[in-house]
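Undergrad: My structure is in coords.cif, and what it holds is mmCIF, C-alpha atoms and all ligand atoms:
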data_upload
loop_
_atom_site.label_atom_id
_atom_site.label_comp_id
_atom_site.auth_asym_id
_atom_site.auth_seq_id
_atom_site.Cartn_x
_atom_site.Cartn_y
_atom_site.Cartn_z
CA MET A 1 3.02 -22.74 92.97
CA ILE A 2 6.25 -23.60 91.16
CA ALA A 3 5.97 -23.02 87.42
CA PRO A 4 7.26 -25.80 85.11
CA LEU A 5 10.04 -23.58 83.74
CA ASP A 6 11.36 -22.92 87.26
CA THR A 7 11.63 -26.64 87.89
CA LEU A 8 13.37 -27.14 84.56
CA TYR A 9 15.75 -24.25 85.22
CA ARG A 10 16.69 -25.64 88.62
CA LEU A 11 17.54 -28.95 86.97
CA ILE A 12 19.66 -27.50 84.16
CA GLN A 13 21.29 -24.61 86.08
CA PRO A 14 24.22 -26.69 87.45
CA MET A 15 25.07 -27.78 83.90
CA MET A 16 24.71 -24.26 82.54
CA PHE A 17 27.01 -22.92 85.24
CA ARG A 18 29.75 -25.21 83.93
CA VAL A 19 29.57 -23.44 80.56
CA ASP A 20 31.22 -20.02 79.99
CA ALA A 21 28.74 -17.38 81.20
CA GLU A 22 28.42 -15.54 77.90
CA ARG A 23 28.02 -18.77 75.96
CA ALA A 24 25.31 -19.91 78.39
CA HIS A 25 23.58 -16.56 77.90
CA ASP A 26 23.72 -16.97 74.11
CA LEU A 27 22.25 -20.48 74.41
CA VAL A 28 19.40 -19.24 76.61
CA GLY A 29 18.80 -16.46 74.10
CA THR A 30 18.60 -18.94 71.23
CA VAL A 31 16.10 -21.10 73.12
CA LEU A 32 13.98 -18.10 74.17
CA ALA A 33 13.96 -16.68 70.66
CA ALA A 34 12.85 -20.04 69.22
CA CYS A 35 10.20 -20.82 71.84
CA PRO A 36 6.64 -19.73 70.96
CA PRO A 37 5.62 -16.97 73.41
CA ALA A 38 2.41 -18.84 74.32
CA TRP A 39 4.52 -21.77 75.58
CA LEU A 40 6.70 -19.45 77.62
CA ARG A 41 3.65 -17.87 79.19
CA TRP A 42 2.32 -21.28 80.12
CA LEU A 43 5.68 -22.57 81.35
CA THR A 44 6.32 -19.55 83.62
CA GLY A 45 2.75 -19.00 84.72
CA ALA A 46 2.93 -15.51 83.18
CA GLY A 47 -0.05 -14.09 81.37
CA ILE A 48 -2.07 -13.60 84.54
CA VAL A 49 -3.22 -9.98 84.67
CA PRO A 50 -1.08 -8.21 87.29
CA ASP A 51 -2.76 -6.83 90.41
CA PRO A 52 -3.98 -3.28 89.59
CA VAL A 53 -2.15 -2.00 92.70
CA LEU A 54 1.05 -2.35 90.63
CA SER A 55 0.06 -0.23 87.64
CA ILE A 56 1.93 3.01 87.21
CA GLU A 57 2.41 5.79 84.70
CA VAL A 58 6.00 6.88 84.16
CA ALA A 59 7.01 9.72 81.83
CA GLY A 60 3.59 9.53 80.21
CA LEU A 61 3.82 5.76 79.57
CA ALA A 62 1.44 3.30 81.24
CA PHE A 63 3.08 0.21 82.79
CA SER A 64 0.97 -2.70 84.09
CA HIS A 65 3.58 -3.25 86.81
CA PRO A 66 7.03 -1.84 87.54
CA PHE A 67 9.31 -4.79 86.73
CA GLY A 68 11.44 -4.93 83.58
CA ILE A 69 14.63 -6.37 82.14
CA ALA A 70 17.74 -4.18 82.25
CA ALA A 71 20.02 -3.34 79.35
CA GLY A 72 22.56 -5.95 78.31
CA PHE A 73 20.24 -8.97 78.34
CA ASP A 74 18.91 -8.35 74.82
CA LYS A 75 21.48 -6.28 72.99
CA GLN A 76 20.06 -7.06 69.53
CA ALA A 77 16.29 -6.73 70.09
CA ARG A 78 15.73 -10.38 69.23
CA LEU A 79 14.16 -11.41 72.57
CA ILE A 80 11.47 -8.76 72.98
CA HIS A 81 8.54 -11.12 72.49
CA ALA A 82 10.12 -13.73 74.74
CA CYS A 83 10.73 -11.16 77.50
CA GLY A 84 7.10 -10.06 77.24
CA ALA A 85 6.01 -13.68 77.51
CA LEU A 86 8.05 -14.06 80.70
CA GLY A 87 5.82 -11.41 82.23
CA VAL A 88 7.94 -8.24 82.36
CA SER A 89 6.30 -4.87 81.73
CA HIS A 90 9.27 -3.51 79.81
CA VAL A 91 12.60 -4.50 78.35
CA GLU A 92 15.51 -2.19 77.73
CA ILE A 93 17.37 -3.40 74.65
CA GLY A 94 21.01 -2.51 73.96
CA THR A 95 23.38 -0.91 74.54
CA VAL A 96 23.33 -0.21 70.80
CA THR A 97 26.28 1.62 69.22
CA PRO A 98 26.02 3.43 65.86
CA ARG A 99 28.43 1.10 64.07
CA ALA A 100 28.82 -2.63 64.72
CA GLN A 101 31.75 -3.49 67.00
CA PRO A 102 32.94 -6.76 68.55
CA GLY A 103 33.50 -5.60 72.16
CA ASN A 104 36.39 -6.90 74.26
CA PRO A 105 38.08 -10.27 73.75
CA ARG A 106 36.46 -13.31 75.40
CA PRO A 107 36.16 -14.46 78.13
CA ARG A 108 34.52 -11.26 79.32
CA MET A 109 31.60 -12.32 81.55
CA PHE A 110 32.12 -14.16 84.84
CA ARG A 111 29.66 -15.57 87.38
CA ILE A 112 30.38 -15.37 91.10
CA PRO A 113 27.76 -17.86 92.35
CA ARG A 114 28.56 -17.61 96.04
CA ASP A 115 27.59 -13.90 95.97
CA HIS A 116 24.89 -14.15 93.27
CA ALA A 117 26.97 -11.71 91.24
CA VAL A 118 28.47 -11.24 87.79
CA ILE A 119 31.48 -9.31 86.53
CA ASN A 120 31.36 -8.30 82.88
CA ARG A 121 33.62 -6.40 80.55
CA LEU A 122 31.73 -7.01 77.33
CA GLY A 123 32.57 -3.50 76.13
CA PHE A 124 29.44 -2.74 74.07
CA ASN A 125 29.48 -5.67 71.66
CA SER A 126 26.85 -4.48 69.22
CA VAL A 127 25.54 -5.40 65.79
CA GLY A 128 25.12 -1.68 65.18
CA ALA A 129 22.15 0.69 65.10
CA ALA A 130 20.95 -0.07 61.56
CA VAL A 131 20.62 -3.82 62.18
CA VAL A 132 18.92 -3.37 65.56
CA ALA A 133 16.59 -0.76 64.07
CA GLY A 134 15.49 -3.29 61.42
CA THR A 135 14.88 -6.06 63.98
CA LEU A 136 13.03 -3.67 66.29
CA HIS A 137 10.89 -2.36 63.46
CA ARG A 138 9.87 -5.88 62.42
CA ALA A 139 9.04 -6.78 66.05
CA ARG A 140 6.91 -3.66 66.38
CA HIS A 141 4.93 -4.52 63.29
CA ARG A 142 4.22 -8.17 64.03
CA GLN A 143 0.59 -7.66 64.93
CA THR A 144 -0.02 -11.08 66.41
CA LEU A 145 1.72 -10.66 69.71
CA GLN A 146 1.61 -8.32 72.66
CA LEU A 147 4.86 -6.53 73.29
CA PRO A 148 6.15 -5.13 76.55
CA ARG A 149 7.23 -1.50 76.61
CA ILE A 150 10.55 -1.18 74.80
CA GLY A 151 13.38 1.06 75.92
CA VAL A 152 16.42 1.43 73.67
CA ASN A 153 19.73 2.02 75.40
CA ILE A 154 22.26 3.88 73.23
CA GLY A 155 26.01 4.42 73.56
CA LYS A 156 29.09 5.41 71.62
CA ASN A 157 31.57 3.33 69.65
CA ARG A 158 34.82 2.61 71.41
CA ASP A 159 36.97 4.24 68.72
CA THR A 160 34.97 7.48 68.65
CA PRO A 161 36.90 10.17 70.55
CA LEU A 162 35.07 11.52 73.58
CA GLU A 163 34.86 14.99 72.03
CA ARG A 164 32.78 13.45 69.22
CA ALA A 165 30.65 11.23 71.48
CA CYS A 166 27.62 13.41 70.89
CA ASP A 167 27.61 12.54 67.15
CA ASP A 168 27.45 8.83 67.99
CA TYR A 169 24.49 9.22 70.34
CA LEU A 170 22.66 11.27 67.71
CA ILE A 171 23.24 8.65 64.99
CA ALA A 172 21.91 5.90 67.28
CA PHE A 173 19.01 8.09 68.38
CA ASP A 174 18.01 8.88 64.78
CA ALA A 175 18.09 5.20 63.83
CA LEU A 176 16.15 3.87 66.81
CA ALA A 177 13.94 6.46 68.48
CA SER A 178 10.90 6.12 66.22
CA ASP A 179 10.27 2.51 67.37
CA ALA A 180 11.24 3.05 71.02
CA ASP A 181 8.91 3.76 73.94
CA TYR A 182 11.86 5.49 75.59
CA ILE A 183 15.55 6.07 74.92
CA ALA A 184 18.15 5.42 77.63
CA VAL A 185 21.32 7.46 77.28
CA ASN A 186 24.11 5.30 78.64
CA ILE A 187 27.02 7.32 80.03
CA SER A 188 27.83 4.86 82.77
CA SER A 189 29.27 1.62 81.41
CA PRO A 190 32.70 1.09 82.99
CA ASN A 191 33.96 -0.91 79.99
CA THR A 192 34.23 1.83 77.36
CA PRO A 193 37.27 3.94 78.20
CA GLY A 194 36.39 7.52 79.12
CA LEU A 195 32.62 7.04 78.85
CA ARG A 196 31.95 7.96 82.46
CA GLN A 197 33.57 11.35 81.90
CA LEU A 198 30.27 12.25 80.27
CA HIS A 199 28.97 12.70 83.83
CA GLU A 200 30.94 16.01 83.82
CA ARG A 201 28.77 19.11 83.63
CA ALA A 202 29.88 20.62 80.29
CA ALA A 203 30.04 17.34 78.36
CA LEU A 204 26.69 16.20 79.73
CA ARG A 205 25.05 19.51 78.92
CA THR A 206 26.22 19.35 75.29
CA LEU A 207 25.05 15.75 74.94
CA LEU A 208 21.61 16.18 76.50
CA ASP A 209 20.90 19.50 74.75
CA ALA A 210 21.72 17.90 71.38
CA LEU A 211 19.47 14.89 72.03
CA ILE A 212 16.59 17.02 73.30
CA GLU A 213 16.88 19.25 70.25
CA ARG A 214 16.89 16.22 67.95
CA ARG A 215 13.82 14.82 69.71
CA ARG A 216 11.83 17.89 68.69
CA HIS A 217 11.77 16.53 65.11
CA LEU A 218 9.91 13.36 66.09
CA PRO A 219 6.13 13.20 65.65
CA ARG A 220 5.61 11.98 69.25
CA HIS A 221 7.28 12.61 72.59
CA VAL A 222 9.90 9.90 73.19
CA PRO A 223 11.05 10.11 76.83
CA LEU A 224 14.81 10.33 77.36
CA PHE A 225 16.24 8.63 80.44
CA LEU A 226 19.83 9.03 81.58
CA LYS A 227 21.58 5.94 82.98
CA VAL A 228 24.06 6.82 85.71
CA SER A 229 26.93 5.11 87.47
CA PRO A 230 26.83 3.94 91.10
CA ASP A 231 30.42 5.10 91.57
CA GLU A 232 29.96 8.89 91.43
CA ARG A 233 30.33 11.03 94.54
CA ASP A 234 27.27 12.95 95.73
CA ALA A 235 28.71 16.26 94.44
CA GLN A 236 29.00 14.72 90.96
CA LEU A 237 25.47 13.34 91.16
CA ARG A 238 24.30 16.83 92.12
CA GLN A 239 25.81 18.18 88.89
CA VAL A 240 24.22 15.39 86.88
CA VAL A 241 20.81 16.11 88.42
CA ASP A 242 21.14 19.87 87.83
CA VAL A 243 22.05 19.41 84.17
CA ALA A 244 19.46 16.67 83.62
CA LEU A 245 16.61 18.67 85.13
CA ASP A 246 17.65 21.84 83.38
CA SER A 247 17.89 20.19 79.98
CA GLY A 248 14.47 18.55 80.25
CA ILE A 249 15.40 14.89 80.63
CA ASP A 250 12.42 12.66 81.55
CA GLY A 251 13.99 10.26 84.04
CA LEU A 252 17.12 8.74 85.57
CA ILE A 253 18.17 5.10 85.58
CA ALA A 254 20.20 4.13 88.64
CA THR A 255 22.46 2.27 88.27
CA ASN A 256 24.89 0.61 85.92
CA THR A 257 27.50 -1.88 87.20
CA THR A 258 30.15 -0.83 89.74
CA LEU A 259 33.94 -0.88 89.67
CA ALA A 260 33.92 -1.31 93.46
CA ARG A 261 34.38 -4.76 94.90
CA ASP A 262 32.78 -4.34 98.31
CA GLY A 263 30.10 -6.85 99.16
CA LEU A 264 32.03 -9.77 97.67
CA SER A 265 32.68 -12.54 100.18
CA VAL A 266 36.05 -13.39 98.59
CA PRO A 267 38.30 -11.15 96.46
CA VAL A 268 37.81 -11.62 92.71
CA ASN A 269 40.43 -10.56 90.18
CA HIS A 270 38.42 -10.10 86.98
CA ALA A 271 38.35 -6.58 85.57
CA GLY A 272 34.95 -5.15 84.66
CA GLY A 273 31.66 -4.02 86.15
CA LEU A 274 30.15 -5.90 89.08
CA SER A 275 26.40 -6.56 89.21
CA GLY A 276 23.98 -8.57 91.32
CA ARG A 277 23.62 -8.76 95.10
CA PRO A 278 26.91 -7.00 96.00
CA LEU A 279 25.70 -3.96 94.03
CA ARG A 280 22.32 -3.81 95.72
CA ALA A 281 23.04 -1.45 98.64
CA ARG A 282 25.16 0.89 96.51
CA ALA A 283 22.44 1.08 93.83
CA ARG A 284 19.76 1.63 96.47
CA ARG A 285 21.70 4.45 98.04
CA THR A 286 22.15 6.09 94.61
CA ILE A 287 18.39 5.77 93.99
CA ALA A 288 17.64 7.43 97.33
CA VAL A 289 20.19 10.22 96.80
CA LEU A 290 18.79 10.95 93.33
CA ALA A 291 15.21 10.83 94.64
CA THR A 292 16.11 13.39 97.28
CA MET A 293 17.98 15.62 94.83
CA THR A 294 15.25 15.54 92.17
CA GLU A 295 12.44 16.02 94.72
CA GLY A 296 10.14 13.88 92.62
CA ARG A 297 10.45 16.08 89.52
CA VAL A 298 11.50 13.13 87.35
CA PRO A 299 10.98 9.39 87.85
CA ILE A 300 13.83 7.06 88.79
CA ILE A 301 14.27 3.57 87.42
CA GLY A 302 16.05 1.43 90.04
CA VAL A 303 18.50 -1.27 88.89
CA GLY A 304 21.08 -3.24 90.82
CA GLY A 305 20.83 -6.45 92.81
CA VAL A 306 17.09 -7.00 92.42
CA ASP A 307 16.32 -10.71 92.54
CA ASP A 308 13.01 -11.02 94.38
CA ALA A 309 9.98 -8.99 95.41
CA ALA A 310 11.56 -7.81 98.67
CA SER A 311 14.62 -6.33 96.93
CA ALA A 312 12.43 -4.70 94.25
CA TYR A 313 10.14 -3.29 96.93
CA ALA A 314 13.08 -1.86 98.87
CA HIS A 315 14.30 -0.04 95.71
CA ILE A 316 10.78 1.36 95.28
CA ARG A 317 10.66 2.51 98.89
CA ALA A 318 14.07 4.14 98.34
CA GLY A 319 12.64 6.16 95.44
CA ALA A 320 12.33 4.00 92.30
CA HIS A 321 9.23 4.21 90.10
CA LEU A 322 10.21 1.20 87.99
CA VAL A 323 12.71 -1.59 88.73
CA GLN A 324 14.85 -3.65 86.42
CA CYS A 325 17.18 -6.61 86.75
CA TYR A 326 19.62 -8.68 84.75
CA THR A 327 21.87 -10.69 87.08
CA GLY A 328 18.90 -11.88 89.15
CA LEU A 329 17.56 -13.70 86.10
CA ILE A 330 20.78 -15.72 85.83
CA TYR A 331 20.46 -16.99 89.40
CA GLN A 332 16.66 -17.11 89.83
CA GLY A 333 15.69 -18.21 86.33
CA PRO A 334 13.01 -17.21 83.87
CA GLY A 335 10.18 -17.64 86.40
CA LEU A 336 11.49 -14.64 88.36
CA PRO A 337 9.29 -11.94 86.76
CA THR A 338 6.03 -13.80 87.43
CA ARG A 339 6.95 -14.59 91.04
CA LEU A 340 8.30 -11.12 91.73
CA VAL A 341 5.24 -9.34 90.35
CA ARG A 342 2.84 -11.55 92.31
CA ASP A 343 4.75 -11.18 95.59
CA LEU A 344 5.30 -7.44 95.17
CA ALA A 345 1.55 -6.83 95.07
CA GLY A 346 1.28 -8.76 98.35
CA LEU A 347 4.00 -6.66 99.99
CA LEU A 348 2.35 -3.39 98.96
CA ARG A 349 -1.06 -4.47 100.19
CA ALA A 350 0.36 -5.83 103.46
CA ASP A 351 1.79 -2.36 104.15
CA GLY A 352 -1.57 -0.76 103.46
CA PHE A 353 -0.70 0.88 100.12
CA SER A 354 -3.50 1.04 97.57
CA THR A 355 -1.24 2.28 94.76
CA LEU A 356 2.40 1.69 93.94
CA ARG A 357 2.98 5.42 93.77
CA GLU A 358 2.21 5.81 97.49
CA ALA A 359 5.19 3.60 98.35
CA ILE A 360 7.76 5.37 96.17
CA GLY A 361 10.44 7.04 98.24
CA VAL A 362 8.92 6.44 101.68
CA ASP A 363 12.34 5.21 102.89
CA ARG A 364 14.54 7.56 100.90
CA GLU A 365 15.90 9.38 103.95
CA ARG A 366 16.92 6.09 105.50
CA TRP A 367 18.99 5.17 102.45
CA SER A 368 20.49 8.49 101.34
C1 LIG B 1 26.46 -9.22 81.18
C2 LIG B 1 25.96 -7.83 81.39
C3 LIG B 1 25.90 -6.95 80.31
C4 LIG B 1 25.44 -5.65 80.51
N1 LIG B 1 25.36 -4.80 79.42
C5 LIG B 1 24.88 -3.56 79.60
C6 LIG B 1 24.76 -2.68 78.50
O1 LIG B 1 25.07 -3.02 77.35
N2 LIG B 1 24.28 -1.42 78.73
C7 LIG B 1 23.90 -1.00 79.98
O2 LIG B 1 23.47 0.14 80.13
N3 LIG B 1 23.99 -1.84 81.04
C8 LIG B 1 24.46 -3.08 80.86
N4 LIG B 1 24.55 -3.92 81.94
C9 LIG B 1 24.17 -3.42 83.28
C10 LIG B 1 22.74 -3.78 83.65
O3 LIG B 1 21.82 -3.19 82.77
C11 LIG B 1 22.44 -3.31 85.08
O4 LIG B 1 22.51 -1.91 85.13
C12 LIG B 1 23.40 -3.89 86.10
O5 LIG B 1 23.79 -5.20 85.77
C13 LIG B 1 22.81 -3.91 87.51
O6 LIG B 1 21.66 -4.70 87.55
P1 LIG B 1 21.65 -6.24 88.05
O7 LIG B 1 22.35 -6.26 89.38
O8 LIG B 1 20.20 -6.59 88.12
O9 LIG B 1 22.37 -7.02 87.01
C14 LIG B 1 25.02 -5.22 81.78
C15 LIG B 1 25.07 -6.12 82.86
C16 LIG B 1 25.52 -7.40 82.68
C17 LIG B 1 25.55 -8.35 83.85
#
Please, can you express the file's structure as structure tokens?
TA:
Amino acid sequence: MIAPLDTLYRLIQPMMFRVDAERAHDLVGTVLAACPPAWLRWLTGAGIVPDPVLSIEVAGLAFSHPFGIAAGFDKQARLIHACGALGVSHVEIGTVTPRAQPGNPRPRMFRIPRDHAVINRLGFNSVGAAVVAGTLHRARHRQTLQLPRIGVNIGKNRDTPLERACDDYLIAFDALASDADYIAVNISSPNTPGLRQLHERAALRTLLDALIERRRHLPRHVPLFLKVSPDERDAQLRQVVDVALDSGIDGLIATNTTLARDGLSVPVNHAGGLSGRPLRARARRTIAVLATMTEGRVPIIGVGGVDDAASAYAHIRAGAHLVQCYTGLIYQGPGLPTRLVRDLAGLLRADGFSTLREAIGVDRERWS
């Protein structure tokens, strides 16, 4: 069955694709934020209870199904209710920086329709941790509506020197952790100069130890996930895994956007991080490598090129416990979560799995 919103999206997509990508995203955000969640549920066909085969517990949190929205889609925490109404189990807001900053000059987000891809160099445009914390807190305390699980992705300000990066993450953590289901530590955006150097052993150790220590002061356990780049060599990923496991991190998110340009059917000149279908194989390989290295000791959240149930399922079979997407929503529209969740249950059952967990990592050797 095609939901009414899918039909509408197919009609308006050609017009939207004539508008600058970031502006189109802002327009969609304004409409989603204004639309009553009950309408969205009706329009997308969401609201149907997901097949129990899809339920999973990750880092002590129960998820009704594995599919969520990746960081970058809702940087200000103003679309949480709308995302929930679209049928996702979780949304990762952010990246949020401690102080407000504008990001890079526009234009800074580019669609590549022929490859179902996007290149962005937004550069952590953020309204700052205090504003997001206020919005998040109000969303949490609106009793009338069901919320999806909320992850908060944190990063550093561009003008903070790398040696002081840790202070920035702690400020953002302090402001946001109490209303988050989990915190994602973003060390992998390619658009903040030097950020990816935090994959190095000593810097990562200092950062994670400081965050884990700070977490001890919270009244409940807030899982910390580390979001990694798809562009690291295996030896570097090994170091990341060693430090992450040793420090007590609760999970890994693989991956952020890539600086590579393989998988594009024609060369594209824009600088920035590439996402969508051309990232899919690279992300899947990183998921599988991390799954092998961690030996199931921490969950992996798979992101990169997911735009239907088959691509989500393949990430799960490579080793992902949860899956997220952003670019897929731009090309497939707001009906994607409902369709994906329904079809994923069918794929699992067709392969004879009675729980999602049984399927996690069954193909990891093939991909790593
Ligand atoms: C426009 C845009 C903005 C993004 N902003 C962020 C961000 O602020 N923080 C982050 O960790 N990832 C960010 N990402 C990366 C996504 O969360 C995701 O890791 C990546 O796009 C791969 O998934 P996809 O192929 O489903 O888009 C952004 C991606 C896009 C396309």
Undergrad: Could you list, as a PyMOL selection string, every residue within 12 Å of segment 104-117 of chain A, counting all atoms listed in the file and ignoring same-chain residues fewer than 6 positions away?
TA: chain A and resi 13-14+16-26+72+123-126+158+191-193+257-258+261-280+304-307+325-332
Undergrad: How would you write as a PDB file with C-alpha atoms, in the coordinates of the input the residues that get within 8 Å of (12.7, 14.1, 88.9) in the file's frame, counting only C-alpha atoms?
TA:
ATOM      1  CA  LEU A 245      16.610  18.670  85.130  1.00  0.00           C
ATOM      2  CA  ASP A 250      12.420  12.660  81.550  1.00  0.00           C
ATOM      3  CA  GLY A 251      13.990  10.260  84.040  1.00  0.00           C
ATOM      4  CA  LEU A 252      17.120   8.740  85.570  1.00  0.00           C
ATOM      5  CA  ALA A 291      15.210  10.830  94.640  1.00  0.00           C
ATOM      6  CA  THR A 294      15.250  15.540  92.170  1.00  0.00           C
ATOM      7  CA  GLU A 295      12.440  16.020  94.720  1.00  0.00           C
ATOM      8  CA  GLY A 296      10.140  13.880  92.620  1.00  0.00           C
ATOM      9  CA  ARG A 297      10.450  16.080  89.520  1.00  0.00           C
ATOM     10  CA  VAL A 298      11.500  13.130  87.350  1.00  0.00           C
ATOM     11  CA  PRO A 299      10.980   9.390  87.850  1.00  0.00           C
ATOM     12  CA  ILE A 300      13.830   7.060  88.790  1.00  0.00           C
TER      13      ILE A 300
END
Undergrad: Considering all atoms listed in the file, return as a PyMOL selection string whatever protein or nucleic-acid residues lie within 12 Å of Val132 of chain A, sequence-local ones (same chain, fewer than 5 positions apart) excluded.
TA: chain A and resi 74-80+93-100+126-127+137-139+152-154+172-173+175-177+179-180
Undergrad: Let me make sure I understand: among A:Leu136, A:Ala320, A:Ala260, A:Ile187, which one has the smallest atom-to-atom distance to ligand LIG 1 (chain B) if we use all atoms listed in the file?
TA: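 Looking only at the distances to ligand LIG 1 (chain B), the closest residue turns out to be A:Ile187.
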Undergrad: What does the structure give for the distance between atom CA of Ala3 of chain A and atom CA of Gly335 of chain A, in Å to one decimal?
TA: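 One can read the atom CA of Ala3 of chain A to atom CA of Gly335 of chain A distance as 6.9 Å.
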Undergrad: Using atom CA of Gly29 of chain A and atom CA of Thr7 of chain A as the two end points, give the distance in Å to one decimal.
TA: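 Pair atom CA of Gly29 of chain A / atom CA of Thr7 of chain A returns 18.6 Å.
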